[in-house]
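Below: the structure, in structure tokens.
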Amino acid sequence: MLKLMYITNDPQTAQIAQQAGVDRIFVDLETVGKEQRQGGMNTVQSHHTVRDVERLRKELTRAALLVRVNPIYPGSEAEIEAVLASGADFVMLPYFQRVGQVRTFLELVRGRAKTVLLFETPEAVRAADEILRLEGIDECYIGLNDLHLGYHQKFLFQPLADGTVEMLCRRFQAAGKPYGFGGVARVGVGALPAERILAEHVRLGSSTVILSRSFCNARQVGDYGRMEEIFQREIPKLRRAEEAYRQGSAESLAENRLLVQRIVAQIGESIK
């Protein structure tokens with residue numbers, strides 16, 4: 001089954017998520033360059049800190065702790081050392097374009113935590129085969145937000161519909177690396193419903209997915225009791241939908257693929 005990830009720096013929210021079956025709690029330290037890339041979009045700019053990593057490490061008993069650091073910059077060594085000292089199980093490198101940046105990241109981690117590469121630039125896509133030959137890469141992930149911006153596309157899931165995600169997944173498979181992509185909301189929610197995205201994860205052999213802000217927006221919900229209700233109700237729905245696709249036929253997955261392409265094309269056309 002897919003490993004579910006949820007982004008939060010709040011210990012009580014993390015407890016709710018792990019009790020409901022979330023596999024990884026995701027702390028997001030990335031700020032370098034992000035405002036310039038995503039300013040004006042409906043995205044959340046992180047205010048997480050290394051101190052949050054320390055706080056969550058003390059609370060997590062079931063879920064693993066994943067930390068997204070900044071792209072390689074002058075402070076990378078100190079930042080990665082602090083993250084490792086705080087107990088991260090996984091460290092994720094975002095927004096790289098060149099092999100040398102990935103090599104630097106792997107050298108800084110030095111096997112002291114699992115490494116995850118976040119492929120989210122056209123340059124990273126083009127260099128994927130060379131990057132994947134490096135030693136020390138444990139997992140890969142495809143970030144659709146920055147990737148669709150990099151390709152000057154209108155809608156988040158256009159790289160899924162146009163074959164870019166599938167091409168990368170096949171490269172990850174050939175390199176023997178576990179991988180995932182994008183985010184997923186609640187079943188039945190979204191212009192591209194979560195269950196359609198789940199079917200693509202099954203078809204493409206994905207092993208991880210982020211629960212999106214639309215799954216449970218903690219800021220909007222505001223109440224821990226309500227959040228717990230959402231997680232306890234909605235994660236089993238996701239699991240049932242995933243299992244149904246795993247038990248289904250290759251033909252049904254292919255039909256879903258065509259439906260995803262049609263829905264994404266319609267959404268893309270509707271965006272001014």
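So you can find residues: chains in the structure tokens are A, B, ... in the order shown, residues in each start at 1, and ligands are numbered from 1 in order.
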
Which parts of region 109-254 of chain A does DSSP call helix (DSSP H, G or I) when run on the backbone here, written out as a PDB file with N, CA and C atoms, in the first residue's frame?
ATOM      1  N   VAL A 109      24.835  14.404   3.544  1.00  0.00           N
ATOM      2  CA  VAL A 109      24.066  13.462   4.371  1.00  0.00           C
ATOM      3  C   VAL A 109      24.926  12.276   4.797  1.00  0.00           C
ATOM      4  N   PRO A 122      12.501  21.081 -14.976  1.00  0.00           N
ATOM      5  CA  PRO A 122      12.763  20.445 -16.278  1.00  0.00           C
ATOM      6  C   PRO A 122      14.213  20.001 -16.419  1.00  0.00           C
ATOM      7  N   GLU A 123      15.131  20.758 -15.819  1.00  0.00           N
ATOM      8  CA  GLU A 123      16.546  20.390 -15.897  1.00  0.00           C
ATOM      9  C   GLU A 123      16.809  19.060 -15.179  1.00  0.00           C
ATOM     10  N   ALA A 124      16.163  18.861 -14.036  1.00  0.00           N
ATOM     11  CA  ALA A 124      16.314  17.595 -13.313  1.00  0.00           C
ATOM     12  C   ALA A 124      15.742  16.441 -14.116  1.00  0.00           C
ATOM     13  N   VAL A 125      14.634  16.688 -14.794  1.00  0.00           N
ATOM     14  CA  VAL A 125      14.035  15.641 -15.634  1.00  0.00           C
ATOM     15  C   VAL A 125      15.007  15.237 -16.739  1.00  0.00           C
ATOM     16  N   ARG A 126      15.606  16.233 -17.387  1.00  0.00           N
ATOM     17  CA  ARG A 126      16.527  15.933 -18.482  1.00  0.00           C
ATOM     18  C   ARG A 126      17.775  15.200 -17.993  1.00  0.00           C
ATOM     19  N   ALA A 128      17.901  13.141 -15.435  1.00  0.00           N
ATOM     20  CA  ALA A 128      17.494  12.074 -14.518  1.00  0.00           C
ATOM     21  C   ALA A 128      18.382  10.844 -14.595  1.00  0.00           C
ATOM     22  N   ASP A 129      18.696  10.383 -15.782  1.00  0.00           N
ATOM     23  CA  ASP A 129      19.492   9.156 -15.900  1.00  0.00           C
ATOM     24  C   ASP A 129      20.864   9.324 -15.265  1.00  0.00           C
ATOM     25  N   GLU A 130      21.497  10.474 -15.498  1.00  0.00           N
ATOM     26  CA  GLU A 130      22.822  10.716 -14.915  1.00  0.00           C
ATOM     27  C   GLU A 130      22.724  10.849 -13.393  1.00  0.00           C
ATOM     28  N   ILE A 131      21.712  11.535 -12.918  1.00  0.00           N
ATOM     29  CA  ILE A 131      21.518  11.707 -11.478  1.00  0.00           C
ATOM     30  C   ILE A 131      21.329  10.358 -10.795  1.00  0.00           C
ATOM     31  N   LEU A 132      20.528   9.500 -11.407  1.00  0.00           N
ATOM     32  CA  LEU A 132      20.181   8.224 -10.789  1.00  0.00           C
ATOM     33  C   LEU A 132      21.350   7.244 -10.732  1.00  0.00           C
ATOM     34  N   LEU A 144       4.891  18.130  -8.493  1.00  0.00           N
ATOM     35  CA  LEU A 144       4.125  18.613  -9.640  1.00  0.00           C
ATOM     36  C   LEU A 144       3.930  20.124  -9.644  1.00  0.00           C
ATOM     37  N   ASN A 145       3.985  20.749  -8.481  1.00  0.00           N
ATOM     38  CA  ASN A 145       3.733  22.182  -8.437  1.00  0.00           C
ATOM     39  C   ASN A 145       4.810  22.944  -9.216  1.00  0.00           C
ATOM     40  N   ASP A 146       6.056  22.830  -8.764  1.00  0.00           N
ATOM     41  CA  ASP A 146       7.130  23.533  -9.467  1.00  0.00           C
ATOM     42  C   ASP A 146       7.356  22.968 -10.866  1.00  0.00           C
ATOM     43  N   LEU A 147       7.132  21.664 -11.043  1.00  0.00           N
ATOM     44  CA  LEU A 147       7.388  21.078 -12.355  1.00  0.00           C
ATOM     45  C   LEU A 147       6.443  21.651 -13.407  1.00  0.00           C
ATOM     46  N   HIS A 148       5.166  21.776 -13.086  1.00  0.00           N
ATOM     47  CA  HIS A 148       4.249  22.317 -14.097  1.00  0.00           C
ATOM     48  C   HIS A 148       4.549  23.790 -14.373  1.00  0.00           C
ATOM     49  N   LEU A 149       5.033  24.512 -13.347  1.00  0.00           N
ATOM     50  CA  LEU A 149       5.458  25.902 -13.574  1.00  0.00           C
ATOM     51  C   LEU A 149       6.679  25.944 -14.489  1.00  0.00           C
ATOM     52  N   GLY A 150       7.608  25.015 -14.265  1.00  0.00           N
ATOM     53  CA  GLY A 150       8.809  24.972 -15.084  1.00  0.00           C
ATOM     54  C   GLY A 150       8.520  24.717 -16.544  1.00  0.00           C
ATOM     55  N   GLN A 158      -0.952  18.541 -15.221  1.00  0.00           N
ATOM     56  CA  GLN A 158      -0.622  18.368 -16.633  1.00  0.00           C
ATOM     57  C   GLN A 158       0.602  17.484 -16.863  1.00  0.00           C
ATOM     58  N   PRO A 159       1.641  17.532 -16.010  1.00  0.00           N
ATOM     59  CA  PRO A 159       2.759  16.584 -16.219  1.00  0.00           C
ATOM     60  C   PRO A 159       2.353  15.120 -16.028  1.00  0.00           C
ATOM     61  N   LEU A 160       1.286  14.874 -15.269  1.00  0.00           N
ATOM     62  CA  LEU A 160       0.777  13.506 -15.136  1.00  0.00           C
ATOM     63  C   LEU A 160       0.056  13.098 -16.412  1.00  0.00           C
ATOM     64  N   ALA A 161      -0.723  14.001 -16.958  1.00  0.00           N
ATOM     65  CA  ALA A 161      -1.518  13.676 -18.141  1.00  0.00           C
ATOM     66  C   ALA A 161      -0.676  13.572 -19.406  1.00  0.00           C
ATOM     67  N   THR A 164       4.910  12.951 -18.747  1.00  0.00           N
ATOM     68  CA  THR A 164       6.177  13.276 -18.093  1.00  0.00           C
ATOM     69  C   THR A 164       6.378  12.460 -16.821  1.00  0.00           C
ATOM     70  N   VAL A 165       5.322  12.365 -16.013  1.00  0.00           N
ATOM     71  CA  VAL A 165       5.413  11.600 -14.770  1.00  0.00           C
ATOM     72  C   VAL A 165       5.680  10.131 -15.072  1.00  0.00           C
ATOM     73  N   GLU A 166       4.986   9.575 -16.032  1.00  0.00           N
ATOM     74  CA  GLU A 166       5.208   8.161 -16.368  1.00  0.00           C
ATOM     75  C   GLU A 166       6.630   7.917 -16.845  1.00  0.00           C
ATOM     76  N   MET A 167       7.150   8.814 -17.675  1.00  0.00           N
ATOM     77  CA  MET A 167       8.524   8.661 -18.156  1.00  0.00           C
ATOM     78  C   MET A 167       9.514   8.646 -16.994  1.00  0.00           C
ATOM     79  N   LEU A 168       9.331   9.557 -16.035  1.00  0.00           N
ATOM     80  CA  LEU A 168      10.223   9.580 -14.872  1.00  0.00           C
ATOM     81  C   LEU A 168      10.067   8.327 -14.019  1.00  0.00           C
ATOM     82  N   CYS A 169       8.826   7.898 -13.814  1.00  0.00           N
ATOM     83  CA  CYS A 169       8.593   6.694 -13.012  1.00  0.00           C
ATOM     84  C   CYS A 169       9.308   5.496 -13.611  1.00  0.00           C
ATOM     85  N   ARG A 170       9.282   5.364 -14.920  1.00  0.00           N
ATOM     86  CA  ARG A 170       9.951   4.233 -15.567  1.00  0.00           C
ATOM     87  C   ARG A 170      11.463   4.315 -15.380  1.00  0.00           C
ATOM     88  N   ARG A 171      12.007   5.522 -15.360  1.00  0.00           N
ATOM     89  CA  ARG A 171      13.432   5.682 -15.106  1.00  0.00           C
ATOM     90  C   ARG A 171      13.771   5.309 -13.660  1.00  0.00           C
ATOM     91  N   PHE A 172      12.910   5.714 -12.724  1.00  0.00           N
ATOM     92  CA  PHE A 172      13.127   5.348 -11.324  1.00  0.00           C
ATOM     93  C   PHE A 172      13.057   3.829 -11.163  1.00  0.00           C
ATOM     94  N   GLN A 173      12.084   3.219 -11.831  1.00  0.00           N
ATOM     95  CA  GLN A 173      11.955   1.757 -11.778  1.00  0.00           C
ATOM     96  C   GLN A 173      13.230   1.089 -12.279  1.00  0.00           C
ATOM     97  N   ALA A 174      13.726   1.556 -13.413  1.00  0.00           N
ATOM     98  CA  ALA A 174      14.924   0.954 -14.003  1.00  0.00           C
ATOM     99  C   ALA A 174      16.135   1.091 -13.077  1.00  0.00           C
ATOM    100  N   ALA A 175      16.152   2.176 -12.294  1.00  0.00           N
ATOM    101  CA  ALA A 175      17.258   2.402 -11.357  1.00  0.00           C
ATOM    102  C   ALA A 175      17.038   1.701 -10.021  1.00  0.00           C
ATOM    103  N   ALA A 194      -9.580  12.469  -6.081  1.00  0.00           N
ATOM    104  CA  ALA A 194      -8.474  11.732  -5.471  1.00  0.00           C
ATOM    105  C   ALA A 194      -8.388  10.296  -5.974  1.00  0.00           C
ATOM    106  N   GLU A 195      -9.538   9.648  -6.156  1.00  0.00           N
ATOM    107  CA  GLU A 195      -9.499   8.247  -6.555  1.00  0.00           C
ATOM    108  C   GLU A 195      -8.902   8.069  -7.954  1.00  0.00           C
ATOM    109  N   ARG A 196      -9.069   9.072  -8.822  1.00  0.00           N
ATOM    110  CA  ARG A 196      -8.467   9.001 -10.163  1.00  0.00           C
ATOM    111  C   ARG A 196      -6.943   9.088 -10.060  1.00  0.00           C
ATOM    112  N   ILE A 197      -6.466   9.940  -9.164  1.00  0.00           N
ATOM    113  CA  ILE A 197      -5.022  10.070  -8.951  1.00  0.00           C
ATOM    114  C   ILE A 197      -4.469   8.797  -8.320  1.00  0.00           C
ATOM    115  N   LEU A 198      -5.210   8.224  -7.361  1.00  0.00           N
ATOM    116  CA  LEU A 198      -4.768   6.974  -6.732  1.00  0.00           C
ATOM    117  C   LEU A 198      -4.598   5.864  -7.764  1.00  0.00           C
ATOM    118  N   ALA A 199      -5.525   5.803  -8.702  1.00  0.00           N
ATOM    119  CA  ALA A 199      -5.424   4.769  -9.735  1.00  0.00           C
ATOM    120  C   ALA A 199      -4.152   4.936 -10.558  1.00  0.00           C
ATOM    121  N   GLU A 200      -3.755   6.170 -10.804  1.00  0.00           N
ATOM    122  CA  GLU A 200      -2.503   6.410 -11.523  1.00  0.00           C
ATOM    123  C   GLU A 200      -1.294   5.994 -10.683  1.00  0.00           C
ATOM    124  N   HIS A 201      -1.357   6.196  -9.377  1.00  0.00           N
ATOM    125  CA  HIS A 201      -0.282   5.718  -8.508  1.00  0.00           C
ATOM    126  C   HIS A 201      -0.150   4.198  -8.623  1.00  0.00           C
ATOM    127  N   VAL A 202      -1.287   3.509  -8.636  1.00  0.00           N
ATOM    128  CA  VAL A 202      -1.263   2.051  -8.759  1.00  0.00           C
ATOM    129  C   VAL A 202      -0.716   1.647 -10.120  1.00  0.00           C
ATOM    130  N   ARG A 203      -1.207   2.262 -11.175  1.00  0.00           N
ATOM    131  CA  ARG A 203      -0.768   1.907 -12.532  1.00  0.00           C
ATOM    132  C   ARG A 203       0.730   2.131 -12.720  1.00  0.00           C
ATOM    133  N   LEU A 204       1.246   3.205 -12.123  1.00  0.00           N
ATOM    134  CA  LEU A 204       2.639   3.574 -12.335  1.00  0.00           C
ATOM    135  C   LEU A 204       3.592   2.968 -11.309  1.00  0.00           C
ATOM    136  N   ALA A 218      -5.386  22.129   8.147  1.00  0.00           N
ATOM    137  CA  ALA A 218      -5.410  22.323   9.598  1.00  0.00           C
ATOM    138  C   ALA A 218      -5.761  23.756   9.982  1.00  0.00           C
ATOM    139  N   ARG A 219      -5.298  24.714   9.185  1.00  0.00           N
ATOM    140  CA  ARG A 219      -5.584  26.114   9.508  1.00  0.00           C
ATOM    141  C   ARG A 219      -7.073  26.418   9.401  1.00  0.00           C
ATOM    142  N   GLN A 220      -7.708  25.834   8.414  1.00  0.00           N
ATOM    143  CA  GLN A 220      -9.133  26.079   8.236  1.00  0.00           C
ATOM    144  C   GLN A 220      -9.969  25.295   9.236  1.00  0.00           C
ATOM    145  N   VAL A 221      -9.591  24.056   9.485  1.00  0.00           N
ATOM    146  CA  VAL A 221     -10.366  23.217  10.410  1.00  0.00           C
ATOM    147  C   VAL A 221     -10.246  23.768  11.827  1.00  0.00           C
ATOM    148  N   TYR A 224      -8.913  20.326  16.919  1.00  0.00           N
ATOM    149  CA  TYR A 224      -8.256  19.027  16.903  1.00  0.00           C
ATOM    150  C   TYR A 224      -9.253  17.877  16.826  1.00  0.00           C
ATOM    151  N   GLY A 225     -10.384  18.020  17.486  1.00  0.00           N
ATOM    152  CA  GLY A 225     -11.393  16.977  17.427  1.00  0.00           C
ATOM    153  C   GLY A 225     -11.921  16.790  16.028  1.00  0.00           C
ATOM    154  N   ARG A 226     -12.135  17.892  15.335  1.00  0.00           N
ATOM    155  CA  ARG A 226     -12.610  17.824  13.951  1.00  0.00           C
ATOM    156  C   ARG A 226     -11.536  17.231  13.046  1.00  0.00           C
ATOM    157  N   MET A 227     -10.272  17.595  13.272  1.00  0.00           N
ATOM    158  CA  MET A 227      -9.187  17.027  12.474  1.00  0.00           C
ATOM    159  C   MET A 227      -9.106  15.514  12.667  1.00  0.00           C
ATOM    160  N   GLU A 228      -9.219  15.087  13.909  1.00  0.00           N
ATOM    161  CA  GLU A 228      -9.170  13.647  14.176  1.00  0.00           C
ATOM    162  C   GLU A 228     -10.304  12.926  13.461  1.00  0.00           C
ATOM    163  N   GLU A 229     -11.475  13.522  13.468  1.00  0.00           N
ATOM    164  CA  GLU A 229     -12.627  12.928  12.777  1.00  0.00           C
ATOM    165  C   GLU A 229     -12.347  12.789  11.285  1.00  0.00           C
ATOM    166  N   ILE A 230     -11.749  13.832  10.680  1.00  0.00           N
ATOM    167  CA  ILE A 230     -11.445  13.795   9.246  1.00  0.00           C
ATOM    168  C   ILE A 230     -10.440  12.685   8.939  1.00  0.00           C
ATOM    169  N   PHE A 231      -9.366  12.626   9.697  1.00  0.00           N
ATOM    170  CA  PHE A 231      -8.339  11.612   9.439  1.00  0.00           C
ATOM    171  C   PHE A 231      -8.890  10.197   9.638  1.00  0.00           C
ATOM    172  N   GLN A 232      -9.613   9.991  10.708  1.00  0.00           N
ATOM    173  CA  GLN A 232     -10.129   8.653  10.999  1.00  0.00           C
ATOM    174  C   GLN A 232     -11.168   8.201   9.977  1.00  0.00           C
ATOM    175  N   ARG A 233     -11.884   9.125   9.404  1.00  0.00           N
ATOM    176  CA  ARG A 233     -12.898   8.776   8.406  1.00  0.00           C
ATOM    177  C   ARG A 233     -12.321   8.659   7.001  1.00  0.00           C
ATOM    178  N   GLU A 234     -11.417   9.586   6.639  1.00  0.00           N
ATOM    179  CA  GLU A 234     -11.015   9.706   5.245  1.00  0.00           C
ATOM    180  C   GLU A 234      -9.846   8.807   4.840  1.00  0.00           C
ATOM    181  N   ILE A 235      -8.948   8.502   5.763  1.00  0.00           N
ATOM    182  CA  ILE A 235      -7.848   7.612   5.383  1.00  0.00           C
ATOM    183  C   ILE A 235      -8.358   6.219   5.023  1.00  0.00           C
ATOM    184  N   PRO A 236      -9.290   5.621   5.784  1.00  0.00           N
ATOM    185  CA  PRO A 236      -9.831   4.335   5.340  1.00  0.00           C
ATOM    186  C   PRO A 236     -10.490   4.401   3.960  1.00  0.00           C
ATOM    187  N   LYS A 237     -11.110   5.532   3.633  1.00  0.00           N
ATOM    188  CA  LYS A 237     -11.700   5.673   2.299  1.00  0.00           C
ATOM    189  C   LYS A 237     -10.621   5.632   1.221  1.00  0.00           C
ATOM    190  N   LEU A 238      -9.515   6.326   1.468  1.00  0.00           N
ATOM    191  CA  LEU A 238      -8.405   6.283   0.516  1.00  0.00           C
ATOM    192  C   LEU A 238      -7.864   4.868   0.369  1.00  0.00           C
ATOM    193  N   ARG A 239      -7.729   4.174   1.499  1.00  0.00           N
ATOM    194  CA  ARG A 239      -7.194   2.814   1.456  1.00  0.00           C
ATOM    195  C   ARG A 239      -8.129   1.875   0.689  1.00  0.00           C
ATOM    196  N   ARG A 240      -9.434   2.038   0.897  1.00  0.00           N
ATOM    197  CA  ARG A 240     -10.387   1.180   0.166  1.00  0.00           C
ATOM    198  C   ARG A 240     -10.340   1.454  -1.328  1.00  0.00           C
ATOM    199  N   ALA A 241     -10.235   2.735  -1.693  1.00  0.00           N
ATOM    200  CA  ALA A 241     -10.149   3.079  -3.113  1.00  0.00           C
ATOM    201  C   ALA A 241      -8.863   2.521  -3.724  1.00  0.00           C
ATOM    202  N   GLU A 242      -7.754   2.664  -3.007  1.00  0.00           N
ATOM    203  CA  GLU A 242      -6.486   2.122  -3.493  1.00  0.00           C
ATOM    204  C   GLU A 242      -6.564   0.611  -3.663  1.00  0.00           C
ATOM    205  N   GLU A 243      -7.105  -0.074  -2.672  1.00  0.00           N
ATOM    206  CA  GLU A 243      -7.196  -1.528  -2.745  1.00  0.00           C
ATOM    207  C   GLU A 243      -8.080  -1.984  -3.899  1.00  0.00           C
ATOM    208  N   ALA A 244      -9.153  -1.248  -4.143  1.00  0.00           N
ATOM    209  CA  ALA A 244     -10.036  -1.602  -5.256  1.00  0.00           C
ATOM    210  C   ALA A 244      -9.285  -1.532  -6.580  1.00  0.00           C
ATOM    211  N   TYR A 245      -8.457  -0.515  -6.750  1.00  0.00           N
ATOM    212  CA  TYR A 245      -7.686  -0.415  -7.983  1.00  0.00           C
ATOM    213  C   TYR A 245      -6.624  -1.503  -8.052  1.00  0.00           C
ATOM    214  N   ARG A 246      -6.035  -1.866  -6.923  1.00  0.00           N
ATOM    215  CA  ARG A 246      -5.033  -2.928  -6.940  1.00  0.00           C
ATOM    216  C   ARG A 246      -5.656  -4.277  -7.291  1.00  0.00           C
ATOM    217  N   GLN A 247      -6.918  -4.465  -6.923  1.00  0.00           N
ATOM    218  CA  GLN A 247      -7.605  -5.708  -7.237  1.00  0.00           C
ATOM    219  C   GLN A 247      -8.237  -5.688  -8.624  1.00  0.00           C
ATOM    220  N   ALA A 250      -5.915  -4.442 -15.489  1.00  0.00           N
ATOM    221  CA  ALA A 250      -5.077  -3.491 -16.211  1.00  0.00           C
ATOM    222  C   ALA A 250      -5.924  -2.636 -17.144  1.00  0.00           C
ATOM    223  N   GLU A 251      -6.996  -3.225 -17.661  1.00  0.00           N
ATOM    224  CA  GLU A 251      -7.878  -2.474 -18.555  1.00  0.00           C
ATOM    225  C   GLU A 251      -8.560  -1.324 -17.820  1.00  0.00           C
ATOM    226  N   SER A 252      -8.974  -1.555 -16.569  1.00  0.00           N
ATOM    227  CA  SER A 252      -9.634  -0.483 -15.822  1.00  0.00           C
ATOM    228  C   SER A 252      -8.657   0.643 -15.506  1.00  0.00           C
ATOM    229  N   LEU A 253      -7.404   0.291 -15.245  1.00  0.00           N
ATOM    230  CA  LEU A 253      -6.394   1.321 -15.000  1.00  0.00           C
ATOM    231  C   LEU A 253      -6.114   2.110 -16.271  1.00  0.00           C
ATOM    232  N   ALA A 254      -6.111   1.434 -17.414  1.00  0.00           N
ATOM    233  CA  ALA A 254      -5.899   2.128 -18.682  1.00  0.00           C
ATOM    234  C   ALA A 254      -7.066   3.061 -18.995  1.00  0.00           C
TER     235      ALA A 254
END

- prompt: Using only C-alpha atoms, which residues sit within 6 Å of region 44-60 of chain A once same-chain residues fewer than 4 positions away are excluded, as a ChimeraX atom specification?
  reply: /A:9,11,28-29,86

Could those selected residues go to a file with N, CA and C atoms, as a PDB file, in the first residue's frame?
ATOM      1  N   ASN A   9       3.978  20.896  11.277  1.00  0.00           N
ATOM      2  CA  ASN A   9       5.003  21.080  12.316  1.00  0.00           C
ATOM      3  C   ASN A   9       4.371  21.096  13.704  1.00  0.00           C
ATOM      4  N   PRO A  11       2.882  19.179  16.860  1.00  0.00           N
ATOM      5  CA  PRO A  11       2.939  17.844  17.455  1.00  0.00           C
ATOM      6  C   PRO A  11       1.577  17.182  17.632  1.00  0.00           C
ATOM      7  N   ASP A  28       8.696  20.860   6.627  1.00  0.00           N
ATOM      8  CA  ASP A  28       9.122  21.561   5.416  1.00  0.00           C
ATOM      9  C   ASP A  28       9.930  22.804   5.769  1.00  0.00           C
ATOM     10  N   LEU A  29      11.246  22.722   5.614  1.00  0.00           N
ATOM     11  CA  LEU A  29      12.120  23.855   5.900  1.00  0.00           C
ATOM     12  C   LEU A  29      12.388  24.719   4.672  1.00  0.00           C
ATOM     13  N   SER A  86      18.798  16.484  14.829  1.00  0.00           N
ATOM     14  CA  SER A  86      17.456  16.553  15.422  1.00  0.00           C
ATOM     15  C   SER A  86      16.657  15.276  15.221  1.00  0.00           C
TER      16      SER A  86
END

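Note that CA of Asp89 (chain A) and CA of Gly111 (chain A) are 10.8 Å apart.
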
Would you compute the distance between CA of Ile25 (chain A) and CA of Ala88 (chain A)? Give it in Å to one decimal.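 Between CA of Ile25 (chain A) and CA of Ala88 (chain A) the gap is 10.2 Å.
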
Give me, as a ChimeraX atom specification, all polymer residues having an atom no more than 10 Å from Ile210 (chain A), counting only C-alpha atoms and skipping those fewer than 6 positions away in the same chain.
/A:2-7,22,24-26,180-185

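Across region 14-167 of chain A, DSSP run on the backbone finds strand (DSSP E or B) at Arg24, Ile25, Phe26, Val27, Asp28, Ala64, Leu65, Leu66, Val67, Arg68, Phe90, Val91, Met92, Leu93, Lys114, Thr115, Val116, Leu117, Leu118, Phe119, Glu139, Cys140, Tyr141 and Ile142 of chain A.
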
Those same residues, written as a compact mmCIF listing (two decimals), in the first residue's frame with N, CA, C and O atoms?
# COMPACT_ATOMS: atom_id res chain seq x y z
N ARG A 24 4.32 8.89 7.32
CA ARG A 24 5.42 9.83 7.48
C ARG A 24 4.89 11.22 7.78
O ARG A 24 3.97 11.69 7.10
N ILE A 25 5.47 11.87 8.77
CA ILE A 25 5.19 13.27 9.04
C ILE A 25 6.28 14.08 8.34
O ILE A 25 7.47 13.78 8.45
N PHE A 26 5.87 15.11 7.66
CA PHE A 26 6.70 15.86 6.72
C PHE A 26 6.90 17.28 7.26
O PHE A 26 5.95 18.06 7.35
N VAL A 27 8.13 17.60 7.66
CA VAL A 27 8.47 18.95 8.09
C VAL A 27 9.13 19.66 6.90
O VAL A 27 10.03 19.10 6.27
N ASP A 28 8.70 20.86 6.63
CA ASP A 28 9.12 21.56 5.42
C ASP A 28 9.93 22.80 5.77
O ASP A 28 9.38 23.83 6.16
N ALA A 64 7.31 7.78 10.53
CA ALA A 64 8.68 8.24 10.32
C ALA A 64 8.67 9.76 10.14
O ALA A 64 7.63 10.37 9.85
N LEU A 65 9.84 10.38 10.30
CA LEU A 65 9.97 11.83 10.21
C LEU A 65 10.79 12.19 8.98
O LEU A 65 11.97 11.84 8.87
N LEU A 66 10.14 12.89 8.04
CA LEU A 66 10.80 13.33 6.82
C LEU A 66 10.94 14.85 6.86
O LEU A 66 10.00 15.55 7.23
N VAL A 67 12.12 15.34 6.49
CA VAL A 67 12.37 16.78 6.49
C VAL A 67 12.84 17.22 5.11
O VAL A 67 13.83 16.69 4.58
N ARG A 68 12.11 18.18 4.54
CA ARG A 68 12.57 18.80 3.29
C ARG A 68 13.45 20.00 3.65
O ARG A 68 12.99 20.93 4.29
N PHE A 90 14.28 10.74 7.20
CA PHE A 90 14.44 10.99 5.76
C PHE A 90 14.78 12.47 5.58
O PHE A 90 14.20 13.33 6.24
N VAL A 91 15.68 12.76 4.64
CA VAL A 91 15.98 14.14 4.27
C VAL A 91 15.72 14.27 2.78
O VAL A 91 16.23 13.47 1.98
N MET A 92 14.94 15.29 2.41
CA MET A 92 14.54 15.49 1.02
C MET A 92 15.22 16.72 0.44
O MET A 92 15.19 17.80 1.05
N LEU A 93 15.80 16.58 -0.75
CA LEU A 93 16.40 17.71 -1.46
C LEU A 93 15.44 18.19 -2.55
O LEU A 93 15.11 17.43 -3.45
N LYS A 114 17.92 8.38 5.42
CA LYS A 114 17.49 8.05 4.07
C LYS A 114 17.37 9.33 3.25
O LYS A 114 16.95 10.38 3.77
N THR A 115 17.73 9.27 1.99
CA THR A 115 17.68 10.45 1.13
C THR A 115 16.55 10.33 0.12
O THR A 115 16.28 9.26 -0.42
N VAL A 116 15.88 11.47 -0.12
CA VAL A 116 14.80 11.54 -1.10
C VAL A 116 15.09 12.71 -2.03
O VAL A 116 15.31 13.84 -1.58
N LEU A 117 15.10 12.46 -3.33
CA LEU A 117 15.29 13.52 -4.31
C LEU A 117 13.93 13.96 -4.85
O LEU A 117 13.13 13.13 -5.29
N LEU A 118 13.69 15.27 -4.80
CA LEU A 118 12.43 15.83 -5.29
C LEU A 118 12.65 16.39 -6.69
O LEU A 118 13.16 17.50 -6.86
N PHE A 119 12.26 15.62 -7.68
CA PHE A 119 12.40 16.04 -9.07
C PHE A 119 11.27 17.02 -9.40
O PHE A 119 10.11 16.63 -9.47
N GLU A 139 15.27 7.23 -2.31
CA GLU A 139 13.95 7.36 -2.90
C GLU A 139 13.90 8.59 -3.80
O GLU A 139 14.74 9.50 -3.68
N CYS A 140 12.89 8.62 -4.66
CA CYS A 140 12.65 9.76 -5.53
C CYS A 140 11.19 10.19 -5.43
O CYS A 140 10.31 9.37 -5.14
N TYR A 141 10.96 11.46 -5.67
CA TYR A 141 9.59 11.98 -5.64
C TYR A 141 9.48 13.04 -6.74
O TYR A 141 10.46 13.73 -7.05
N ILE A 142 8.30 13.16 -7.32
CA ILE A 142 8.06 14.14 -8.38
C ILE A 142 7.16 15.24 -7.82
O ILE A 142 6.03 14.98 -7.41

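Computed from the coordinates, the CA of Gly33 (chain A) to CA of Phe96 (chain A) distance equals 11.6 Å.
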
Counting only C-alpha atoms, the residue of A:Ala63, A:Ser76, A:Gly100, A:Lys34 that sits nearest Gln18 (chain A):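 The shortest atom-to-atom distance to Gln18 (chain A) comes from A:Ala63.
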
Nearest to Leu156 (chain A), restricted to only C-alpha atoms and choosing among A:Pro178, A:Asp138, A:Leu192, A:Leu84, comes out as A:Leu192

Pick from A:Ile263, A:Gln97, A:Gln36, A:Phe105 nearest to Gly75 (chain A), counting only C-alpha atoms: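 For Gly75 (chain A), the nearest of the given residues is A:Phe105.
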